[in-house]
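J.: Got coords01.txt for you, compact mmCIF, C-alpha atoms:
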# COMPACT_ATOMS: atom_id res chain seq x y z
CA MET A 1 -14.14 -150.18 96.50
CA SER A 2 -12.85 -149.69 93.03
CA MET A 3 -9.72 -151.09 91.52
CA SER A 4 -6.97 -148.70 90.53
CA SER A 5 -6.43 -148.16 86.84
CA GLU A 6 -3.07 -149.91 87.02
CA THR A 7 -4.60 -153.00 88.64
CA SER A 8 -7.47 -153.21 86.21
CA TYR A 9 -5.05 -152.68 83.36
CA SER A 10 -2.94 -155.58 84.67
CA PHE A 11 -5.99 -157.83 84.63
CA VAL A 12 -6.82 -156.86 81.07
CA ARG A 13 -3.20 -157.29 80.07
CA ALA A 14 -3.18 -160.78 81.57
CA LEU A 15 -6.02 -161.71 79.25
CA TYR A 16 -4.06 -160.73 76.15
CA VAL A 17 -1.85 -163.81 76.20
CA PRO A 18 -4.65 -166.43 76.53
CA VAL A 19 -6.52 -164.58 73.78
CA ALA A 20 -3.38 -164.66 71.68
CA LEU A 21 -3.12 -168.36 72.40
CA ALA A 22 -6.63 -168.84 71.04
CA ALA A 23 -5.69 -166.71 68.02
CA GLN A 24 -2.58 -168.82 67.50
CA VAL A 25 -4.57 -172.03 67.11
CA THR A 26 -7.39 -170.49 65.09
CA ILE A 27 -6.16 -167.52 63.04
CA ALA A 28 -2.44 -168.25 62.59
CA PRO A 29 -3.03 -171.33 60.38
CA LEU A 30 -4.99 -169.07 58.03
CA LEU A 31 -1.96 -166.78 57.72
CA SER A 32 0.29 -169.66 56.75
CA ILE A 33 2.55 -169.01 53.75
CA PHE A 34 4.34 -172.04 52.32
CA GLY A 35 3.69 -173.81 55.61
CA ILE A 36 5.30 -171.03 57.67
CA GLN A 37 3.06 -169.61 60.37
CA PRO A 38 3.62 -166.48 62.43
CA SER A 39 3.61 -166.91 66.20
CA VAL A 40 0.91 -164.50 67.26
CA LEU A 41 1.23 -165.93 70.73
CA LEU A 42 4.92 -165.06 71.03
CA ALA A 43 4.41 -161.58 69.64
CA VAL A 44 1.77 -160.83 72.24
CA PHE A 45 3.70 -162.64 74.94
CA VAL A 46 6.85 -160.59 74.29
CA LEU A 47 4.78 -157.43 74.44
CA PHE A 48 3.33 -158.69 77.72
CA ALA A 49 6.85 -159.32 79.05
CA PHE A 50 7.92 -155.78 78.16
CA ARG A 51 4.92 -154.42 79.98
CA SER A 52 4.73 -156.75 83.00
CA GLY A 53 8.28 -157.69 83.87
CA PRO A 54 9.93 -161.06 84.47
CA LEU A 55 7.90 -162.53 87.32
CA ALA A 56 4.49 -162.22 85.70
CA SER A 57 5.97 -163.31 82.38
CA ILE A 58 7.53 -166.44 83.84
CA TRP A 59 4.24 -167.63 85.28
CA MET A 60 2.18 -166.50 82.31
CA GLY A 61 4.61 -168.33 80.02
CA PHE A 62 4.51 -171.35 82.26
CA GLY A 63 0.69 -171.46 82.23
CA CYS A 64 0.34 -170.95 78.51
CA GLY A 65 3.21 -173.34 77.83
CA LEU A 66 1.61 -176.03 79.94
CA LEU A 67 -1.64 -175.51 78.07
CA LEU A 68 0.19 -175.92 74.78
CA ASP A 69 2.00 -178.97 76.12
CA THR A 70 -1.30 -180.48 77.15
CA TYR A 71 -2.68 -180.41 73.63
CA ALA A 72 0.51 -180.55 71.54
CA SER A 73 2.58 -183.57 70.71
CA GLY A 74 6.17 -183.92 71.86
CA ALA A 75 7.68 -183.96 75.31
CA ALA A 76 5.44 -182.48 78.00
CA GLY A 77 6.91 -179.35 79.54
CA ALA A 78 8.88 -178.26 76.48
CA PHE A 79 6.60 -175.35 75.63
CA ALA A 80 6.33 -174.33 79.27
CA LEU A 81 10.08 -174.26 79.63
CA ALA A 82 10.63 -172.34 76.40
CA MET A 83 7.98 -169.72 77.12
CA SER A 84 9.00 -169.27 80.72
CA LEU A 85 12.60 -168.71 79.69
CA VAL A 86 11.60 -166.20 77.02
CA GLY A 87 9.37 -164.44 79.55
CA PHE A 88 12.16 -164.30 82.08
CA LEU A 89 14.73 -162.90 79.65
CA VAL A 90 12.48 -160.42 77.86
CA GLY A 91 10.99 -159.42 81.20
CA GLN A 92 14.41 -158.12 82.21
CA LEU A 93 13.72 -155.33 79.73
CA HIS A 94 10.67 -154.24 81.64
CA GLU A 95 9.38 -150.85 80.55
CA ARG A 96 9.88 -149.53 84.05
CA ARG A 97 13.54 -150.42 84.03
CA VAL A 98 14.72 -149.95 80.46
CA HIS A 99 13.45 -148.03 77.49
CA VAL A 100 13.46 -150.24 74.39
CA GLY A 101 12.78 -148.56 71.07
CA TYR A 102 10.39 -149.81 68.43
CA LEU A 103 12.93 -151.39 66.09
CA LEU A 104 14.83 -153.02 68.92
CA ARG A 105 11.61 -154.52 70.18
CA VAL A 106 10.97 -156.08 66.78
CA VAL A 107 14.51 -157.46 66.65
CA LEU A 108 14.17 -158.81 70.19
CA LEU A 109 10.94 -160.49 69.20
CA GLY A 110 12.79 -162.30 66.40
CA LEU A 111 15.53 -163.38 68.79
CA ALA A 112 12.94 -164.47 71.35
CA THR A 113 11.23 -166.59 68.70
CA LEU A 114 14.52 -168.25 67.77
CA LEU A 115 15.32 -168.85 71.44
CA HIS A 116 11.86 -170.25 72.09
CA ASP A 117 12.09 -172.65 69.16
CA THR A 118 15.58 -173.74 70.08
CA VAL A 119 14.68 -174.44 73.70
CA TRP A 120 11.52 -176.24 72.64
CA HIS A 121 13.48 -178.32 70.13
CA MET A 122 16.09 -179.31 72.69
CA ALA A 123 13.60 -179.93 75.49
CA SER A 124 11.52 -182.09 73.17
CA ARG A 125 14.57 -184.31 72.79
CA HIS A 126 14.63 -184.01 69.02
CA GLY A 127 18.42 -184.04 69.22
CA GLY A 128 21.12 -181.48 68.63
CA ASP A 129 21.99 -182.85 65.19
CA SER A 130 18.78 -181.68 63.65
CA LEU A 131 18.79 -178.32 65.43
CA ALA A 132 20.60 -176.40 62.69
CA GLY A 133 18.24 -177.67 60.00
CA PHE A 134 15.23 -176.94 62.21
CA VAL A 135 16.36 -173.39 62.90
CA ALA A 136 17.22 -172.68 59.27
CA LYS A 137 14.13 -174.23 57.67
CA VAL A 138 11.43 -173.72 60.27
CA SER A 139 12.40 -171.39 63.03
CA LEU A 140 14.10 -168.60 61.08
CA PRO A 141 11.31 -168.12 58.50
CA GLY A 142 8.80 -168.31 61.33
CA ALA A 143 10.78 -165.73 63.31
CA LEU A 144 10.84 -163.34 60.36
CA TYR A 145 7.12 -163.77 59.85
CA THR A 146 6.55 -163.26 63.58
CA MET A 147 8.67 -160.09 63.45
CA LEU A 148 6.37 -158.80 60.73
CA VAL A 149 3.31 -159.49 62.86
CA GLY A 150 5.10 -158.05 65.88
CA ALA A 151 6.04 -154.90 63.96
CA ILE A 152 2.36 -154.29 63.33
CA LEU A 153 1.43 -155.14 66.90
CA PHE A 154 4.12 -152.94 68.43
CA ALA A 155 3.10 -150.08 66.19
CA VAL A 156 -0.45 -150.42 67.45
CA ARG A 157 0.67 -150.76 71.08
CA PRO A 158 3.65 -148.37 71.51
CA PRO A 159 5.79 -148.52 74.68
CA ARG A 160 4.40 -146.60 77.60
CA GLN A 161 6.52 -143.82 79.02
CA ALA A 162 6.89 -145.06 82.59
CA ARG A 163 9.79 -142.79 83.17
CA ASN A 164 10.59 -139.43 81.75
CA TRP A 165 13.54 -140.33 79.57
CA MET B 1 11.54 -167.32 113.69
CA LEU B 2 14.03 -164.73 112.68
CA ILE B 3 15.68 -167.17 110.34
CA LEU B 4 12.37 -167.94 108.70
CA ARG B 5 11.60 -164.28 108.24
CA TRP B 6 15.05 -163.73 106.77
CA LEU B 7 14.56 -166.64 104.39
CA ALA B 8 11.17 -165.27 103.36
CA SER B 9 12.57 -161.84 102.67
CA GLN B 10 15.41 -163.32 100.65
CA ALA B 11 12.95 -165.45 98.72
CA PHE B 12 10.83 -162.39 98.02
CA LYS B 13 13.84 -160.52 96.77
CA GLY B 14 14.91 -163.41 94.57
CA ARG B 15 11.44 -164.55 93.57
CA GLU B 16 12.19 -164.17 89.89
CA ILE B 17 15.20 -166.45 90.15
CA LEU B 18 13.30 -168.91 92.30
CA SER B 19 10.39 -168.91 89.89
CA ILE B 20 12.53 -169.63 86.86
CA LEU B 21 14.44 -172.28 88.75
CA PHE B 22 11.22 -173.94 89.79
CA VAL B 23 9.87 -173.81 86.27
CA PHE B 24 13.13 -175.15 84.88
CA GLY B 25 13.22 -177.98 87.35
CA PHE B 26 9.60 -178.91 86.88
CA CYS B 27 9.69 -178.77 83.09
CA LEU B 28 12.91 -180.74 82.79
CA TRP B 29 11.62 -183.32 85.24
CA LEU B 30 8.31 -183.59 83.37
CA SER B 31 9.91 -183.87 79.96
CA SER B 32 12.27 -186.58 81.20
CA ARG B 33 9.39 -188.79 82.39
CA PRO B 34 8.36 -191.82 80.30
CA GLU B 35 5.70 -191.34 77.64
CA ALA B 36 2.98 -193.01 79.70
CA ILE B 37 3.57 -190.67 82.64
CA GLN B 38 3.58 -187.64 80.35
CA LYS B 39 0.24 -188.79 78.96
CA GLY B 40 -1.07 -189.07 82.49
CA TRP B 41 0.08 -185.53 83.24
CA ARG B 42 -1.53 -184.23 80.07
CA LYS B 43 -4.79 -185.96 80.94
CA GLY B 44 -4.54 -184.63 84.47
CA PHE B 45 -3.96 -181.06 83.28
CA ALA B 46 -6.78 -181.28 80.79
CA THR B 47 -9.28 -182.57 83.34
CA THR B 48 -8.32 -180.40 86.32
CA VAL B 49 -6.34 -177.19 85.84
CA PHE B 50 -7.35 -176.62 82.26
CA LEU B 51 -10.82 -178.12 82.51
CA PRO B 52 -12.64 -174.86 81.69
CA VAL B 53 -10.26 -174.22 78.83
CA HIS B 54 -10.54 -177.83 77.78
CA LEU B 55 -14.33 -177.61 77.75
CA VAL B 56 -14.27 -174.41 75.73
CA VAL B 57 -11.72 -175.83 73.29
CA GLU B 58 -13.68 -179.06 72.93
CA HIS B 59 -16.91 -177.16 72.48
CA LEU B 60 -15.39 -174.87 69.87
CA HIS B 61 -13.66 -177.77 68.20
CA VAL B 62 -16.85 -179.80 68.02
CA ARG B 63 -18.92 -176.80 66.98
CA TRP B 64 -16.49 -175.69 64.27
CA GLY B 65 -16.02 -179.26 63.18
CA ILE B 66 -19.75 -179.79 62.85
CA GLU B 67 -20.22 -176.47 61.08
CA LYS B 68 -17.38 -177.26 58.70
CA GLU B 69 -18.77 -180.71 58.10
CA LEU B 70 -22.23 -179.24 57.56
CA ARG B 71 -20.86 -176.78 55.02
CA GLU B 72 -19.09 -179.58 53.19
CA ILE B 73 -22.19 -181.77 53.28
CA ARG B 74 -24.32 -178.93 51.94
CA ARG B 75 -21.83 -178.24 49.17
CA ASP B 76 -21.63 -181.94 48.30
CA ASN B 77 -25.39 -182.19 48.45
CA ALA B 78 -25.82 -179.29 46.03
CA ARG B 79 -23.25 -180.81 43.71
CA LEU B 80 -24.91 -184.22 43.88
CA ILE B 81 -28.33 -182.71 43.24
CA ALA B 82 -26.95 -180.93 40.18
CA GLU B 83 -25.27 -184.12 38.98
CA ASN B 84 -28.39 -186.12 39.66
CA ALA B 85 -30.51 -183.63 37.71
CA LYS B 86 -28.06 -183.82 34.83
CA LEU B 87 -28.01 -187.62 34.88
CA SER B 88 -31.79 -187.77 35.16
CA GLU B 89 -32.06 -185.52 32.15
CA LEU B 90 -29.64 -187.69 30.22
CA ALA B 91 -31.52 -190.82 31.28
CA ASP B 92 -34.75 -189.18 30.24
CA ILE B 93 -33.37 -188.29 26.82
CA ARG B 94 -31.93 -191.77 26.47
CA SER B 95 -35.27 -193.30 27.41
CA THR B 96 -37.11 -191.11 24.92
CA ILE B 97 -34.67 -191.94 22.15
CA GLY B 98 -34.87 -195.62 23.09
CA GLU B 99 -38.65 -195.55 22.85
CA PHE B 100 -38.51 -193.73 19.57
CA GLU B 101 -36.11 -196.25 18.03
CA GLY B 102 -39.04 -198.64 17.67
CA VAL B 103 -40.99 -196.10 15.65
CA ARG B 104 -38.08 -194.79 13.61
CA PRO B 105 -37.83 -197.55 10.96
CA ARG B 106 -41.49 -197.05 10.12
CA LEU B 107 -41.14 -193.33 9.52
CA GLU B 108 -40.88 -192.29 5.95
CA PHE B 109 -39.59 -188.80 6.68
CA PRO B 110 -36.51 -187.46 8.40
CA PHE B 111 -37.11 -185.96 11.80
CA ILE B 112 -35.38 -183.88 14.39
CA GLY B 113 -35.54 -184.10 18.16
CA ALA B 114 -36.64 -181.13 20.24
CA ARG B 115 -37.53 -180.38 23.81
CA VAL B 116 -40.60 -178.61 25.13
CA ILE B 117 -39.19 -175.66 27.07
CA SER B 118 -42.37 -173.75 27.77
CA ARG B 119 -46.04 -174.55 28.02
CA ASP B 120 -49.17 -173.55 29.87
CA PRO B 121 -48.80 -175.22 33.25
CA VAL B 122 -52.55 -175.11 33.95
CA ARG B 123 -54.41 -175.73 30.75
CA LEU B 124 -54.11 -178.91 28.74
CA GLY B 125 -53.82 -177.16 25.38
CA GLY B 126 -52.24 -173.92 24.28
CA ILE B 127 -49.07 -173.01 22.47
CA TRP B 128 -45.89 -174.76 23.47
CA ILE B 129 -42.35 -173.57 22.77
CA LEU B 130 -39.76 -176.00 21.41
CA ASP B 131 -36.01 -175.44 21.67
CA GLU B 132 -35.33 -176.05 17.99
CA GLY B 133 -36.34 -173.87 15.07
CA GLY B 134 -35.73 -172.87 11.49
CA ARG B 135 -31.99 -173.32 11.79
CA LYS B 136 -32.57 -177.08 12.01
CA GLY B 137 -35.09 -177.05 9.16
CA ILE B 138 -38.29 -176.80 11.20
CA GLN B 139 -41.03 -175.01 9.31
CA GLU B 140 -44.60 -173.97 9.85
CA GLY B 141 -47.08 -176.82 9.54
CA MET B 142 -44.76 -179.71 10.34
CA ALA B 143 -46.11 -182.54 12.46
CA VAL B 144 -44.79 -183.06 15.97
CA ILE B 145 -44.88 -186.57 17.38
CA SER B 146 -43.52 -188.57 20.25
CA SER B 147 -42.73 -192.24 20.51
CA LYS B 148 -46.35 -192.82 21.51
CA GLY B 149 -48.26 -190.71 19.05
CA VAL B 150 -49.21 -187.31 17.71
CA VAL B 151 -48.39 -184.35 19.95
CA GLY B 152 -49.24 -181.34 17.77
CA ARG B 153 -48.04 -179.25 14.88
CA ILE B 154 -45.65 -176.36 14.30
CA LEU B 155 -47.34 -172.98 14.14
CA ALA B 156 -44.29 -170.81 13.60
CA SER B 157 -40.54 -171.07 13.85
CA THR B 158 -37.63 -168.70 14.30
CA GLY B 159 -33.93 -169.45 14.19
CA GLY B 160 -33.60 -171.33 17.45
CA TYR B 161 -37.17 -171.78 18.66
CA SER B 162 -40.53 -172.82 17.36
CA GLN B 163 -44.13 -172.59 18.49
CA MET B 164 -46.18 -175.76 18.58
CA GLN B 165 -49.94 -176.09 18.76
CA SER B 166 -50.75 -179.08 20.92
CA LEU B 167 -53.37 -181.65 20.06
CA SER B 168 -55.37 -180.50 23.07
CA ASP B 169 -55.56 -176.91 21.89
CA PRO B 170 -59.15 -175.74 21.24
CA ASP B 171 -58.12 -174.42 17.81
CA CYS B 172 -56.49 -177.65 16.71
CA ARG B 173 -58.36 -179.95 14.30
CA VAL B 174 -56.94 -183.24 13.10
CA ALA B 175 -58.56 -185.65 10.68
CA VAL B 176 -58.43 -189.20 12.04
CA MET B 177 -59.83 -192.59 11.25
CA SER B 178 -60.55 -195.77 13.11
CA VAL B 179 -57.97 -198.46 12.55
CA ARG B 180 -60.68 -201.10 12.79
CA SER B 181 -63.39 -199.63 10.54
CA ARG B 182 -61.35 -197.02 8.58
CA ASN B 183 -64.25 -194.58 9.24
CA PRO B 184 -63.16 -190.94 9.62
CA GLY B 185 -63.69 -188.30 12.26
CA ILE B 186 -62.31 -184.96 13.41
CA ILE B 187 -60.28 -184.60 16.59
CA HIS B 188 -60.86 -181.45 18.58
CA SER B 189 -60.57 -180.26 22.13
CA PRO B 190 -63.31 -177.81 23.18
CA GLU B 191 -61.98 -175.48 25.90
CA GLY B 192 -58.89 -177.61 26.14
CA SER B 193 -60.52 -179.77 28.80
CA GLY B 194 -60.22 -183.07 27.00
CA VAL B 195 -59.74 -184.57 23.55
CA PHE B 196 -62.81 -185.63 21.55
CA VAL B 197 -63.56 -186.99 18.13
CA GLU B 198 -66.64 -185.89 16.16
CA TYR B 199 -67.99 -188.20 13.50
CA GLY B 200 -71.16 -188.80 11.53
CA ALA B 201 -73.98 -190.83 13.01
CA THR B 202 -73.47 -193.41 10.31
CA SER B 203 -69.75 -193.84 10.99
CA ASP B 204 -68.74 -197.03 12.69
CA ILE B 205 -66.66 -195.88 15.67
CA ARG B 206 -66.88 -197.78 18.93
CA VAL B 207 -65.39 -197.70 22.38
CA GLY B 208 -61.93 -199.24 22.28
CA ASP B 209 -61.18 -198.27 18.68
CA SER B 210 -57.68 -197.00 18.02
CA LEU B 211 -57.56 -193.79 16.01
CA VAL B 212 -54.76 -192.80 13.63
CA THR B 213 -54.26 -189.72 11.44
CA TRP B 214 -56.11 -189.86 8.21
CA GLY B 215 -53.73 -187.71 6.17
CA ALA B 216 -56.37 -185.21 5.06
CA GLY B 217 -55.34 -181.56 5.28
CA GLY B 218 -51.72 -182.32 4.54
CA ILE B 219 -50.39 -181.53 8.01
CA PHE B 220 -50.12 -185.00 9.48
CA PRO B 221 -49.04 -187.98 7.42
CA ARG B 222 -51.47 -190.85 7.31
CA GLY B 223 -51.26 -193.48 10.01
CA LEU B 224 -49.77 -191.65 12.98
CA PRO B 225 -51.30 -193.02 16.21
CA VAL B 226 -53.55 -190.53 18.01
CA GLY B 227 -55.57 -192.22 20.74
CA ARG B 228 -58.19 -194.70 21.85
CA VAL B 229 -61.98 -194.15 22.11
CA VAL B 230 -63.09 -194.46 25.71
CA GLU B 231 -66.63 -193.07 25.72
CA ILE B 232 -69.36 -192.40 23.13
CA ARG B 233 -71.58 -189.34 23.55
CA LYS B 234 -74.65 -188.23 21.63
CA THR B 235 -74.64 -184.58 20.64
CA GLY B 236 -77.35 -182.21 19.41
CA THR B 237 -81.02 -182.85 18.78
CA THR B 238 -80.73 -183.79 15.13
CA GLY B 239 -78.57 -186.76 15.91
CA ILE B 240 -76.54 -186.50 12.74
CA MET B 241 -73.25 -185.98 14.55
CA ARG B 242 -71.78 -187.90 17.40
CA GLN B 243 -68.94 -187.22 19.77
CA ALA B 244 -66.63 -189.62 21.52
CA ARG B 245 -64.06 -188.90 24.17
CA ILE B 246 -60.67 -190.29 23.39
CA GLU B 247 -57.66 -190.93 25.47
CA PRO B 248 -54.55 -189.76 23.58
CA PHE B 249 -51.79 -192.34 23.31
CA GLN B 250 -49.42 -189.59 24.31
CA ASP B 251 -50.50 -188.04 27.59
CA PRO B 252 -50.15 -184.26 26.96
CA TRP B 253 -49.01 -183.64 30.54
CA GLN B 254 -46.09 -186.02 30.19
CA VAL B 255 -44.67 -184.70 26.95
CA ARG B 256 -41.13 -183.45 27.27
CA ASP B 257 -39.08 -184.62 24.32
CA VAL B 258 -40.69 -184.59 20.89
CA PHE B 259 -39.70 -185.22 17.29
CA VAL B 260 -40.57 -182.93 14.42
CA LEU B 261 -41.16 -184.64 11.08
CA LEU B 262 -39.20 -182.65 8.51
CA ARG B 263 -41.92 -183.00 5.95
CA PRO B 264 -43.21 -179.92 4.15
CA PRO B 265 -46.97 -179.68 4.62
CA ILE B 266 -49.37 -179.74 1.73
CA LEU B 267 -51.22 -176.71 3.07
CA ARG B 268 -49.85 -173.95 5.24
CA VAL B 269 -51.38 -173.69 8.66
CA GLY B 270 -54.07 -171.03 8.81
CA GLY B 271 -55.06 -171.33 5.14
CA GLY B 272 -53.75 -168.91 2.54
CA ASP B 273 -51.57 -170.18 -0.27
CA SER B 274 -51.64 -173.85 -0.87
CA LEU B 275 -48.35 -175.57 -1.05
CA PHE B 276 -48.11 -179.03 -2.46
CA ALA B 277 -45.36 -181.26 -1.21
CA ALA B 278 -43.87 -184.21 -2.97
CA GLU B 279 -45.72 -187.40 -2.02
CA PRO B 280 -46.65 -186.52 1.53
CA SER B 281 -49.37 -189.11 1.60
CA ARG B 282 -48.00 -191.54 4.15
CA GLY B 283 -46.38 -190.93 7.45
CA LEU B 284 -45.81 -194.50 8.48
CA VAL B 285 -44.61 -197.13 6.12
CA PRO B 286 -47.05 -200.04 6.40
Show me, as structure tokens, the structure contained in the file I just sent.

T.:
Amino acid sequence: MSMSSETSYSFVRALYVPVALAAQVTIAPLLSIFGIQPSVLLAVFVLFAFRSGPLASIWMGFGCGLLLDTYASGAAGAFALAMSLVGFLVGQLHERRVHVGYLLRVVLLGLATLLHDTVWHMASRHGGDSLAGFVAKVSLPGALYTMLVGAILFAVRPPRQARNW
Amino acid sequence: MLILRWLASQAFKGREILSILFVFGFCLWLSSRPEAIQKGWRKGFATTVFLPVHLVVEHLHVRWGIEKELREIRRDNARLIAENAKLSELADIRSTIGEFEGVRPRLEFPFIGARVISRDPVRLGGIWILDEGGRKGIQEGMAVISSKGVVGRILASTGGYSQMQSLSDPDCRVAVMSVRSRNPGIIHSPEGSGVFVEYGATSDIRVGDSLVTWGAGGIFPRGLPVGRVVEIRKTGTTGIMRQARIEPFQDPWQVRDVFVLLRPPILRVGGGDSLFAAEPSRGLVP
């Protein structure tokens, strides 16, 4: 009994995010410019959400977020919440439902990064007062850098034509 | 039963909403727990759900940490070895200069320090290369000494280097005399295997005598320490010459830093034109 190509592809695709998580903690610090790191994890995770839809993305984000929460400082559950939410929202633009062009994908990745950071910041109970400064000084530069990485990634992995548009 | 089936079908239809609601609820509940409970959850996750990941991460962390530390230790070790070699060299030079300070006031001639940079690693004698040459005033025929005694003489010099014939070279001959009896002899080193002094059967040279340069030949000033007689040998059938083995004051194997006496020789090495220097009769001021 052999697995269908779609099933085996789903298994492979599910490995992308954990691999990206490993890349985030090992390679991303090497790409740091003036202390700003790209989020390789989010770039791959957003791509995963486009490909796999909301349900898989919620649970994948929850698992990876919990893993990050386990080893990161701050309130436990903040990463899980942020990634699950991003997975849920981006997953609404599943390739099988909506066709999202290349540039829009890159823009959505930037927005997803900002959303992720904002949710994480609020869930970590850092306070709303410091949110604006955090977004302007940390999140926005990081989002731009992540968009750059995502632009390369999305160019390498173009959207699949699930429907004949 | 029907109600349960209906609920299940509704849950399946709204599984995305239910999932995100569950995640929301769980994460908000977890993040609102006290710090100690959050730590417990983290520890629990790390040792149960994420144990394989945790083991891999720990393994990689330890491995990379050790490798990084090893690289740093190796780099530091190389740097320390280089620094140590440099400091040892400086200490060596300082020690040599310190030893020579005792001899310096007794020297009548100016001198210049040099380092032996090349020599035969197997044979005792041979030609050695010094790292100073004509640019510093070193000329052919000048005496080379250390703080302990005679080392050799300059054979040739170029701008930055010079060739020195060691006392243990088979072609080197140095006129010496016993400090005790003032009787003369000739230092030579057949086959470079050891240093010997040849003297007449009537000369009074005994075991234990200290030998110094005699001054004859114009290469070495009079009175430079050469060595001590350790063994008397009889040579030939006629018995008119005798040979004694001497132990040089300066062990040829240990020579590293030397001093060249900037004193023009009376005669050039290898014969030829004679060249008389001004009052080169004494090397050491009594």

J.: Between A:Met122, A:Leu115, A:Ile27, A:Ala76, which one has atoms that come closest to chain B, using only C-alpha atoms?

T.: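 Using only C-alpha atoms, the shortest distance to chain B belongs to A:Ala76.
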
J.: I need the residue nearest B:Ile138 from this list: B:Val226, B:Ile37, B:Leu262, B:Val179. Use all atoms listed in the file for the distance.

T.: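 Looking at the shortest contact to B:Ile138, the residue is B:Leu262.
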
J.: Neighbouring residues of stretch 65-68 of chain A were defined as those with any atom within 7 Å, considering all atoms listed in the file; residues of the same chain fewer than 2 positions away were excluded. Please report them as a ChimeraX atom specification.

T.: /A:61-63,70-72,77,79-80,83

J.: I'd like to know which of B:Lys13, B:His54, B:Lys148, B:Arg74 is closest to B:Pro225, using all atoms listed in the file.

T.: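 The closest residue to B:Pro225 is B:Lys148.
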
J.: Pick out the closest residue to B:Gln254 from this set: B:Leu80, B:Leu107, B:Val212, B:Val151. Count only C-alpha atoms.

T.: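 Looking at the shortest contact to B:Gln254, the residue is B:Val151.
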
J.: If you measure from atom CA of B:Phe220 to atom CA of B:Gly239, what distance in Å do you get, rounded to one decimal?

T.: 29.2 Å

J.: If I take atom CA of B:Gly215 and atom CA of B:Arg135, how far is one from the other in Å, to one decimal?

T.: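 Separation between atom CA of B:Gly215 and atom CA of B:Arg135: 26.7 Å.
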
J.: Hey, list the chain B side of the contact with chain A: 10 Å cut-off, only C-alpha atoms, answer as a PyMOL selection string.

T.: chain B and resi 15-21+23-35+37-39+41-46+49-50+53-54+57

J.: In the coordinate frame of the file, compute which residues have an atom within 6 Å of (-55.3, -191.6, 7.1) when using all atoms listed in the file, and state them as a list in words.

T.: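 I get Thr213, Trp214, Gly215, Arg222 and Gly223 of chain B for the residues within 6 Å of that point.
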
J.: Any idea what the distance is between atom CA of B:Thr96 and atom CA of B:Met177?

T.: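 According to the coordinates, atom CA of B:Thr96 and atom CA of B:Met177 are separated by 26.6 Å.
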